[in-house]
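Peer 1: Please see the structure below; I have some questions.
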Amino acid sequence: MSPKPIHCIVAVAPDGAIGASGRLAWDIPEDTRQFIALTEGGVMIEGPLCYAELGKALPGRGTVVVSRDPAKRFPGAERAASLAEAVATAQAMPWPGPVWITGGERIYAEGLPLCSRLYITRVGMEIRGDRFFPRDWEARFPRLLSSRRSSQRGAALSFEVRAPLNGA
Ligand SMILES: NC(=O)c1ccc[n+]([C@@H]2O[C@H](COP(=O)([O-])OP(=O)(O)OC[C@H]3O[C@@H](n4cnc5c(N)ncnc54)[C@H](OP(=O)(O)O)[C@@H]3O)[C@@H](O)[C@H]2O)c1
C-alpha cells in the first residue's frame, strides 16, 4: 500500500498566532466545519493540549497523540513518543484518508516539512496569542492552489490550499 499523503491544517491570525491560554482565540463555525469534514476518514496527529481542548478523540478518523509522558492517557487515540513515531503509527492505521498534522506549536514546527499540502485559514482578527505557526510558512508553501474568501462578524476569512514549490 502506498503511504498516505501528509497534510497540515491550521487557522492563523495575521501575526501567525494560533491560540492563547490553551484554547483557540476565536469561534469560527465555518472553519470548524471544514476541519471536521476534511480530516474525517484520515488520521490526526496532535499534541496533548490539543487533545484536551477537543476533550476526546473525534469520531470517524484515527488520532495519534504525541507525548513523551507514558503516564498520560488519551482514550480513543494511539500514543507516540515522537512525531516520527506518530507518523509511522498513522501510516499503519486502517483509515484511508491523509495523515493530518493538526497542532499545536511544536507539532506544526516539526510536521510542516513533511507536508505536501497546507490547508490554512487566514483569520483577519488580531489576538493576544501565546502559540504560533512557523513564521516562514508562506515561503515554504508559495503555491496557492485554491482560495475562498468569507467573513464572520466583520472579520475577513481566507480559506487557502497551498503546496510547496516542488512536488505535485
Ligand atoms: N488555530 C489552529 O488551527 C490551532 C490548531 C491546533 C492548536 N491550536 C492552539 O494551540 C494551543 C495548543 O498547542 P500547544 O503547542 O500549546 O500544545 P500541544 O502541541 O497540544 O501539546 C504540547 C505538548 O505536546 C508534546 N509534544 C509536542 N511535540 C512533541 C514531540 N515532538 N515529541 C514528543 N512530545 C511532543 C509535549 O507533551 P508531553 O510533555 O506530554 O511530552 C508538549 O508539552 C492551543 O491554544 C490551541 O487552541 C490552534
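Residues in the C-alpha cells are named by chain (A, B, ... in the order shown) and by number from 1 within that chain; ligands are numbered from 1 in the order shown.
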Show me a table, sorted first by chain and then by increasing residue number, of the residues of chain A having an atom at most 9 Å from ligand 1, each with its shortest atom pair and the distance in Å to one decimal, counting only C-alpha atoms and all ligand atoms and written as a tab-separated table.

Peer 2:
residue	atom	partner	partner_atom_place_in_ligand_line	distance
A:Ile9	CA	ligand 1	3 (O)	6.6
A:Val10	CA	ligand 1	3 (O)	3.5
A:Ala11	CA	ligand 1	3 (O)	3.8
A:Val12	CA	ligand 1	1 (N)	5.4
A:Ala13	CA	ligand 1	1 (N)	8.0
A:Ala17	CA	ligand 1	1 (N)	7.3
A:Ile18	CA	ligand 1	1 (N)	3.8
A:Gly19	CA	ligand 1	45 (O)	3.5
A:Ala20	CA	ligand 1	45 (O)	4.5
A:Ser21	CA	ligand 1	45 (O)	5.6
A:Gly22	CA	ligand 1	45 (O)	3.6
A:Arg23	CA	ligand 1	47 (O)	3.5
A:Leu24	CA	ligand 1	47 (O)	3.5
A:Ala25	CA	ligand 1	47 (O)	6.9
A:Trp26	CA	ligand 1	1 (N)	8.5
A:Phe35	CA	ligand 1	3 (O)	8.9
A:Glu46	CA	ligand 1	20 (O)	6.0
A:Gly47	CA	ligand 1	20 (O)	3.3
A:Pro48	CA	ligand 1	20 (O)	4.4
A:Leu49	CA	ligand 1	20 (O)	3.4
A:Cys50	CA	ligand 1	20 (O)	3.8
A:Tyr51	CA	ligand 1	20 (O)	6.4
A:Ala52	CA	ligand 1	20 (O)	7.7
A:Glu53	CA	ligand 1	47 (O)	6.9
A:Val65	CA	ligand 1	24 (O)	8.0
A:Val66	CA	ligand 1	34 (N)	4.8
A:Ser67	CA	ligand 1	41 (O)	3.6
A:Arg68	CA	ligand 1	41 (O)	3.6
A:Asp69	CA	ligand 1	40 (O)	4.7
A:Pro70	CA	ligand 1	40 (O)	7.9
A:Ala71	CA	ligand 1	40 (O)	8.7
A:Lys72	CA	ligand 1	40 (O)	6.9
A:Ala80	CA	ligand 1	33 (C)	7.4
A:Ala81	CA	ligand 1	33 (C)	5.0
A:Ser82	CA	ligand 1	32 (N)	3.9
A:Leu83	CA	ligand 1	31 (N)	5.0
A:Ala84	CA	ligand 1	31 (N)	8.1
A:Glu85	CA	ligand 1	32 (N)	8.9
A:Ala86	CA	ligand 1	32 (N)	8.9
A:Ile101	CA	ligand 1	6 (C)	8.9
A:Thr102	CA	ligand 1	6 (C)	5.4
A:Gly103	CA	ligand 1	6 (C)	4.0
A:Gly104	CA	ligand 1	13 (O)	3.3
A:Glu105	CA	ligand 1	15 (O)	3.8
A:Arg106	CA	ligand 1	28 (N)	4.8
A:Ile107	CA	ligand 1	28 (N)	4.9
A:Tyr108	CA	ligand 1	19 (O)	8.0
A:Ala109	CA	ligand 1	28 (N)	8.7
A:Glu110	CA	ligand 1	31 (N)	6.7
A:Gly111	CA	ligand 1	31 (N)	8.8
A:Ile120	CA	ligand 1	3 (O)	8.0
A:Thr121	CA	ligand 1	3 (O)	7.9
A:Gly129	CA	ligand 1	45 (O)	7.9
A:Asp130	CA	ligand 1	45 (O)	7.3
A:Arg131	CA	ligand 1	10 (O)	5.7
A:Phe132	CA	ligand 1	10 (O)	7.6
A:Phe133	CA	ligand 1	1 (N)	8.3

Peer 1: Quick check for you: according to DSSP on this backbone, which residues of chain A are classed as alpha helix (DSSP H)? Reply as a ChimeraX atom specification.

Peer 2: /A:29-39,48-54,83-92,105-111,137-140

Peer 1: So that I can check the surroundings of Gly124 of chain A, please list as a ChimeraX atom specification every protein, DNA and RNA residue that reaches within 7 Å of it, counting only C-alpha atoms and ignoring chain neighbours fewer than 3 positions away.

Peer 2: /A:13-14,155-157

Peer 1: Export C-alpha atoms of the chosen residues as a PDB file, in the first residue's frame?

Peer 2:
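And here's selection.pdb as it stands now:
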ATOM      1  CA  ALA A  13      -4.110  35.270  12.916  1.00  0.00           C
ATOM      2  CA  PRO A  14      -2.213  37.882  10.859  1.00  0.00           C
ATOM      3  CA  ALA A 155     -13.504  39.596  10.345  1.00  0.00           C
ATOM      4  CA  ALA A 156     -12.174  38.537   6.931  1.00  0.00           C
ATOM      5  CA  LEU A 157     -11.507  34.842   6.422  1.00  0.00           C
TER       6      LEU A 157
END

Peer 1: Using only C-alpha atoms, which of A:Ala139, A:Leu118, A:Val43, A:Val64 sits nearest Trp95 of chain A?

Peer 2: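 Checking each of A:Ala139, A:Leu118, A:Val43, A:Val64 against Trp95 of chain A, counting only C-alpha atoms, the winner is A:Val43.
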
Peer 1: Suppose you want the space between atom CA of Thr63 of chain A and atom CA of Leu165 of chain A; what is it in Å?

Peer 2: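 Between atom CA of Thr63 of chain A and atom CA of Leu165 of chain A the gap works out to 29.0 Å.
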
Peer 1: Just the number, please: distance in Å from atom CA of Gln34 of chain A to atom CA of Ser2 of chain A, one decimal.

Peer 2: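 Rounded to one decimal, the two atoms are 25.9 Å apart.
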
Peer 1: Based on DSSP run over this structure's backbone, return all residues of segment 13-63 of chain A in strand (DSSP E), as a ChimeraX atom specification.

Peer 2: /A:17-19,43-46,62-63

Peer 1: Taking C-alpha atoms for each residue, export the selection above as a PDB file, in the first residue's frame.

Peer 2:
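That gives us out28.pdb:
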ATOM      1  CA  ALA A  17      -0.816  33.261  16.348  1.00  0.00           C
ATOM      2  CA  ILE A  18      -2.844  30.048  16.602  1.00  0.00           C
ATOM      3  CA  GLY A  19      -4.077  30.090  20.196  1.00  0.00           C
ATOM      4  CA  VAL A  43      -5.608  10.270  10.883  1.00  0.00           C
ATOM      5  CA  MET A  44      -4.986  13.351  13.023  1.00  0.00           C
ATOM      6  CA  ILE A  45      -1.635  13.859  14.752  1.00  0.00           C
ATOM      7  CA  GLU A  46      -1.875  16.270  17.659  1.00  0.00           C
ATOM      8  CA  GLY A  62      -7.837   7.964  13.703  1.00  0.00           C
ATOM      9  CA  THR A  63      -5.976  10.051  16.276  1.00  0.00           C
TER      10      THR A  63
END

Peer 1: Neighbouring residues of Ala92 of chain A were defined as those with any atom within 10 Å, considering only C-alpha atoms; residues of the same chain fewer than 5 positions away were excluded. Please report them as a list in words.

Peer 2: Met1, Pro3, Lys4, Ala86 and Val87 of chain A

Peer 1: Go ahead and save the picked residues with all heavy atoms, as a JSON list (two decimals), in the first residue's frame.

Peer 2:
[["chain", "number", "residue", "atom", "x", "y", "z"],
["A", 1, "MET", "N", 0.85, -1.20, 0.00],
["A", 1, "MET", "CA", 0.00, 0.00, 0.00],
["A", 1, "MET", "C", 0.88, 1.24, 0.00],
["A", 1, "MET", "O", 1.84, 1.31, 0.77],
["A", 1, "MET", "CB", -0.91, -0.04, 1.23],
["A", 1, "MET", "CG", -2.21, 0.70, 1.04],
["A", 1, "MET", "SD", -3.41, 0.36, 2.36],
["A", 1, "MET", "CE", -2.60, 1.06, 3.78],
["A", 3, "PRO", "N", 2.11, 5.04, 0.81],
["A", 3, "PRO", "CA", 1.88, 5.82, 2.02],
["A", 3, "PRO", "C", 0.82, 6.89, 1.82],
["A", 3, "PRO", "O", 0.63, 7.40, 0.72],
["A", 3, "PRO", "CB", 3.25, 6.45, 2.30],
["A", 3, "PRO", "CG", 4.05, 6.27, 1.06],
["A", 3, "PRO", "CD", 3.44, 5.17, 0.25],
["A", 4, "LYS", "N", 0.14, 7.20, 2.90],
["A", 4, "LYS", "CA", -0.86, 8.27, 2.84],
["A", 4, "LYS", "C", -0.13, 9.60, 2.70],
["A", 4, "LYS", "O", 0.93, 9.79, 3.30],
["A", 4, "LYS", "CB", -1.66, 8.30, 4.14],
["A", 4, "LYS", "CG", -2.40, 7.03, 4.46],
["A", 4, "LYS", "CD", -2.84, 7.04, 5.93],
["A", 4, "LYS", "CE", -3.55, 5.76, 6.27],
["A", 4, "LYS", "NZ", -3.16, 5.04, 7.40],
["A", 86, "ALA", "N", 4.78, 8.96, 15.59],
["A", 86, "ALA", "CA", 3.36, 9.25, 15.33],
["A", 86, "ALA", "C", 3.04, 9.07, 13.84],
["A", 86, "ALA", "O", 2.00, 8.51, 13.48],
["A", 86, "ALA", "CB", 3.03, 10.68, 15.75],
["A", 87, "VAL", "N", 3.93, 9.52, 12.98],
["A", 87, "VAL", "CA", 3.69, 9.38, 11.54],
["A", 87, "VAL", "C", 3.68, 7.90, 11.15],
["A", 87, "VAL", "O", 2.81, 7.45, 10.39],
["A", 87, "VAL", "CB", 4.75, 10.17, 10.73],
["A", 87, "VAL", "CG1", 4.66, 9.83, 9.24],
["A", 87, "VAL", "CG2", 4.57, 11.68, 10.94]]

Peer 1: Got a sec: who's within 12 Å of Ala37 of chain A, counting only C-alpha atoms, leaving out chain neighbours fewer than 3 positions off, as a PyMOL selection string?

Peer 2: chain A and resi 9+30-34+40-42+58-61+97

Peer 1: So that I have them on file, write out the residues from the current selection with all heavy atoms, as an mmCIF file, in the first residue's frame.

Peer 2:
data_model
loop_
_atom_site.group_PDB
_atom_site.id
_atom_site.type_symbol
_atom_site.label_atom_id
_atom_site.label_comp_id
_atom_site.auth_asym_id
_atom_site.auth_seq_id
_atom_site.Cartn_x
_atom_site.Cartn_y
_atom_site.Cartn_z
ATOM 1 N N ILE A 9 -3.228 21.253 8.640
ATOM 2 C CA ILE A 9 -4.416 22.118 8.673
ATOM 3 C C ILE A 9 -4.323 23.034 9.889
ATOM 4 O O ILE A 9 -4.028 22.587 10.996
ATOM 5 C CB ILE A 9 -5.722 21.292 8.647
ATOM 6 C CG1 ILE A 9 -6.940 22.216 8.541
ATOM 7 C CG2 ILE A 9 -5.837 20.340 9.825
ATOM 8 C CD1 ILE A 9 -8.195 21.497 8.060
ATOM 9 N N GLU A 30 -17.613 28.066 10.581
ATOM 10 C CA GLU A 30 -17.293 27.669 9.198
ATOM 11 C C GLU A 30 -15.937 26.957 9.142
ATOM 12 O O GLU A 30 -15.763 25.979 8.413
ATOM 13 C CB GLU A 30 -17.271 28.939 8.320
ATOM 14 C CG GLU A 30 -17.153 28.658 6.840
ATOM 15 C CD GLU A 30 -17.201 29.944 6.007
ATOM 16 O OE1 GLU A 30 -17.428 31.038 6.576
ATOM 17 O OE2 GLU A 30 -17.014 29.832 4.785
ATOM 18 N N ASP A 31 -14.987 27.435 9.917
ATOM 19 C CA ASP A 31 -13.664 26.808 9.945
ATOM 20 C C ASP A 31 -13.723 25.459 10.662
ATOM 21 O O ASP A 31 -13.102 24.490 10.216
ATOM 22 C CB ASP A 31 -12.665 27.747 10.637
ATOM 23 C CG ASP A 31 -11.244 27.247 10.488
ATOM 24 O OD1 ASP A 31 -10.820 27.022 9.332
ATOM 25 O OD2 ASP A 31 -10.576 27.048 11.514
ATOM 26 N N THR A 32 -14.485 25.400 11.740
ATOM 27 C CA THR A 32 -14.627 24.127 12.470
ATOM 28 C C THR A 32 -15.260 23.073 11.562
ATOM 29 O O THR A 32 -14.801 21.927 11.515
ATOM 30 C CB THR A 32 -15.497 24.328 13.730
ATOM 31 O OG1 THR A 32 -14.924 25.371 14.509
ATOM 32 C CG2 THR A 32 -15.586 23.065 14.557
ATOM 33 N N ARG A 33 -16.302 23.485 10.816
ATOM 34 C CA ARG A 33 -16.969 22.526 9.904
ATOM 35 C C ARG A 33 -15.990 22.009 8.860
ATOM 36 O O ARG A 33 -15.959 20.824 8.549
ATOM 37 C CB ARG A 33 -18.157 23.196 9.205
ATOM 38 C CG ARG A 33 -19.423 23.247 10.047
ATOM 39 C CD ARG A 33 -20.646 23.546 9.185
ATOM 40 N NE ARG A 33 -20.559 24.834 8.508
ATOM 41 C CZ ARG A 33 -20.911 25.994 9.058
ATOM 42 N NH1 ARG A 33 -21.363 26.027 10.299
ATOM 43 N NH2 ARG A 33 -20.810 27.120 8.381
ATOM 44 N N GLN A 34 -15.178 22.922 8.308
ATOM 45 C CA GLN A 34 -14.199 22.485 7.299
ATOM 46 C C GLN A 34 -13.192 21.519 7.911
ATOM 47 O O GLN A 34 -12.839 20.505 7.312
ATOM 48 C CB GLN A 34 -13.461 23.690 6.697
ATOM 49 C CG GLN A 34 -12.289 23.226 5.826
ATOM 50 C CD GLN A 34 -11.596 24.305 5.060
ATOM 51 O OE1 GLN A 34 -12.045 24.664 3.991
ATOM 52 N NE2 GLN A 34 -10.476 24.785 5.585
ATOM 53 N N GLU A 40 -12.004 13.979 8.354
ATOM 54 C CA GLU A 40 -12.767 12.732 8.507
ATOM 55 C C GLU A 40 -12.208 11.651 7.574
ATOM 56 O O GLU A 40 -11.909 11.911 6.409
ATOM 57 C CB GLU A 40 -14.245 12.973 8.193
ATOM 58 C CG GLU A 40 -15.091 11.757 8.527
ATOM 59 C CD GLU A 40 -16.586 12.068 8.500
ATOM 60 O OE1 GLU A 40 -16.964 13.179 8.103
ATOM 61 O OE2 GLU A 40 -17.354 11.165 8.864
ATOM 62 N N GLY A 41 -12.055 10.459 8.110
ATOM 63 C CA GLY A 41 -11.552 9.336 7.316
ATOM 64 C C GLY A 41 -10.046 9.246 7.261
ATOM 65 O O GLY A 41 -9.493 8.284 6.722
ATOM 66 N N GLY A 42 -9.353 10.251 7.799
ATOM 67 C CA GLY A 42 -7.895 10.230 7.849
ATOM 68 C C GLY A 42 -7.414 10.003 9.273
ATOM 69 O O GLY A 42 -8.143 9.467 10.111
ATOM 70 N N LEU A 58 -11.844 12.592 18.142
ATOM 71 C CA LEU A 58 -13.026 12.836 17.308
ATOM 72 C C LEU A 58 -13.433 11.547 16.589
ATOM 73 O O LEU A 58 -12.558 10.774 16.164
ATOM 74 C CB LEU A 58 -12.732 13.933 16.277
ATOM 75 C CG LEU A 58 -12.455 15.324 16.846
ATOM 76 C CD1 LEU A 58 -12.158 16.303 15.711
ATOM 77 C CD2 LEU A 58 -13.633 15.826 17.675
ATOM 78 N N PRO A 59 -14.738 11.325 16.432
ATOM 79 C CA PRO A 59 -15.182 10.106 15.744
ATOM 80 C C PRO A 59 -14.899 10.170 14.238
ATOM 81 O O PRO A 59 -14.716 11.250 13.680
ATOM 82 C CB PRO A 59 -16.692 10.089 16.019
ATOM 83 C CG PRO A 59 -17.054 11.517 16.275
ATOM 84 C CD PRO A 59 -15.858 12.162 16.894
ATOM 85 N N GLY A 60 -14.857 9.000 13.611
ATOM 86 C CA GLY A 60 -14.769 8.950 12.151
ATOM 87 C C GLY A 60 -13.380 9.176 11.597
ATOM 88 O O GLY A 60 -13.208 9.466 10.413
ATOM 89 N N ARG A 61 -12.379 9.033 12.418
ATOM 90 C CA ARG A 61 -10.984 9.216 11.993
ATOM 91 C C ARG A 61 -10.073 8.618 13.062
ATOM 92 O O ARG A 61 -10.523 8.393 14.193
ATOM 93 C CB ARG A 61 -10.646 10.696 11.815
ATOM 94 C CG ARG A 61 -10.343 11.381 13.125
ATOM 95 C CD ARG A 61 -11.081 12.653 13.435
ATOM 96 N NE ARG A 61 -12.414 12.761 12.953
ATOM 97 C CZ ARG A 61 -12.866 13.805 12.239
ATOM 98 N NH1 ARG A 61 -12.049 14.796 11.959
ATOM 99 N NH2 ARG A 61 -14.112 13.853 11.843
ATOM 100 N N GLY A 97 -7.832 7.964 4.578
ATOM 101 C CA GLY A 97 -7.549 9.362 4.228
ATOM 102 C C GLY A 97 -6.142 9.786 4.609
ATOM 103 O O GLY A 97 -5.361 8.998 5.152
#

Peer 1: Taking only C-alpha atoms into account, which of A:Gly16, A:Trp100, A:Arg79, A:Ser146 comes nearest Ile36 of chain A?

Peer 2: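 Using only C-alpha atoms, the shortest distance to Ile36 of chain A belongs to A:Trp100.
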
Peer 1: Which residues are near Pro142 of chain A? Cut-off 12 Å, only C-alpha atoms, ignore same chain within fewer than 4 positions. Put them as an NGL selection string.

Peer 2: :A and (116-118 or 136-138 or 146 or 160-167)

Peer 1: Take the residues just selected and output them with N, CA, C and O atoms as a short mmCIF file (atom, residue, chain, number, x, y, z; two decimals), in the first residue's frame.

Peer 2:
data_model
loop_
_atom_site.label_atom_id
_atom_site.label_comp_id
_atom_site.auth_asym_id
_atom_site.auth_seq_id
_atom_site.Cartn_x
_atom_site.Cartn_y
_atom_site.Cartn_z
N SER A 116 2.72 17.81 2.16
CA SER A 116 2.60 18.13 0.73
C SER A 116 1.48 19.12 0.47
O SER A 116 1.37 19.66 -0.64
N ARG A 117 0.64 19.34 1.45
CA ARG A 117 -0.43 20.34 1.34
C ARG A 117 -0.58 21.07 2.66
O ARG A 117 -0.44 20.47 3.73
N LEU A 118 -0.88 22.36 2.54
CA LEU A 118 -1.19 23.18 3.71
C LEU A 118 -2.59 23.75 3.52
O LEU A 118 -2.85 24.50 2.57
N ASP A 136 7.66 31.20 8.72
CA ASP A 136 8.05 31.19 7.30
C ASP A 136 7.12 30.31 6.46
O ASP A 136 7.50 29.84 5.39
N TRP A 137 5.89 30.10 6.93
CA TRP A 137 5.02 29.14 6.23
C TRP A 137 4.75 29.54 4.79
O TRP A 137 4.68 28.69 3.90
N GLU A 138 4.62 30.85 4.53
CA GLU A 138 4.24 31.28 3.18
C GLU A 138 5.39 31.04 2.20
O GLU A 138 5.17 30.65 1.05
N SER A 146 -5.81 26.91 -4.24
CA SER A 146 -7.19 27.41 -4.24
C SER A 146 -7.36 28.36 -3.06
O SER A 146 -6.64 28.28 -2.07
N GLU A 160 -7.42 28.79 2.33
CA GLU A 160 -6.44 28.56 1.26
C GLU A 160 -5.91 27.13 1.30
O GLU A 160 -5.76 26.55 2.38
N VAL A 161 -5.63 26.61 0.10
CA VAL A 161 -4.91 25.34 -0.01
C VAL A 161 -3.61 25.67 -0.72
O VAL A 161 -3.61 26.29 -1.80
N ARG A 162 -2.49 25.28 -0.11
CA ARG A 162 -1.17 25.66 -0.63
C ARG A 162 -0.26 24.43 -0.76
O ARG A 162 -0.47 23.42 -0.08
N ALA A 163 0.74 24.57 -1.62
CA ALA A 163 1.70 23.49 -1.83
C ALA A 163 3.11 24.06 -1.84
O ALA A 163 3.30 25.25 -2.13
N PRO A 164 4.10 23.22 -1.53
CA PRO A 164 5.48 23.68 -1.63
C PRO A 164 5.84 23.93 -3.10
O PRO A 164 5.11 23.50 -4.01
N LEU A 165 6.96 24.57 -3.32
CA LEU A 165 7.38 24.89 -4.69
C LEU A 165 7.58 23.62 -5.51
O LEU A 165 7.13 23.51 -6.64
N ASN A 166 8.26 22.64 -4.90
CA ASN A 166 8.49 21.38 -5.59
C ASN A 166 7.48 20.34 -5.10
O ASN A 166 7.13 20.36 -3.93
N GLY A 167 7.03 19.49 -5.98
CA GLY A 167 6.08 18.46 -5.58
C GLY A 167 4.80 18.62 -6.37
O GLY A 167 4.58 19.63 -7.02
#

Peer 1: What is the distance, in Å and to one decimal place, between atom CA of Leu144 of chain A and atom CA of Cys115 of chain A?

Peer 2: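 Calculated distance between atom CA of Leu144 of chain A and atom CA of Cys115 of chain A is 14.6 Å.
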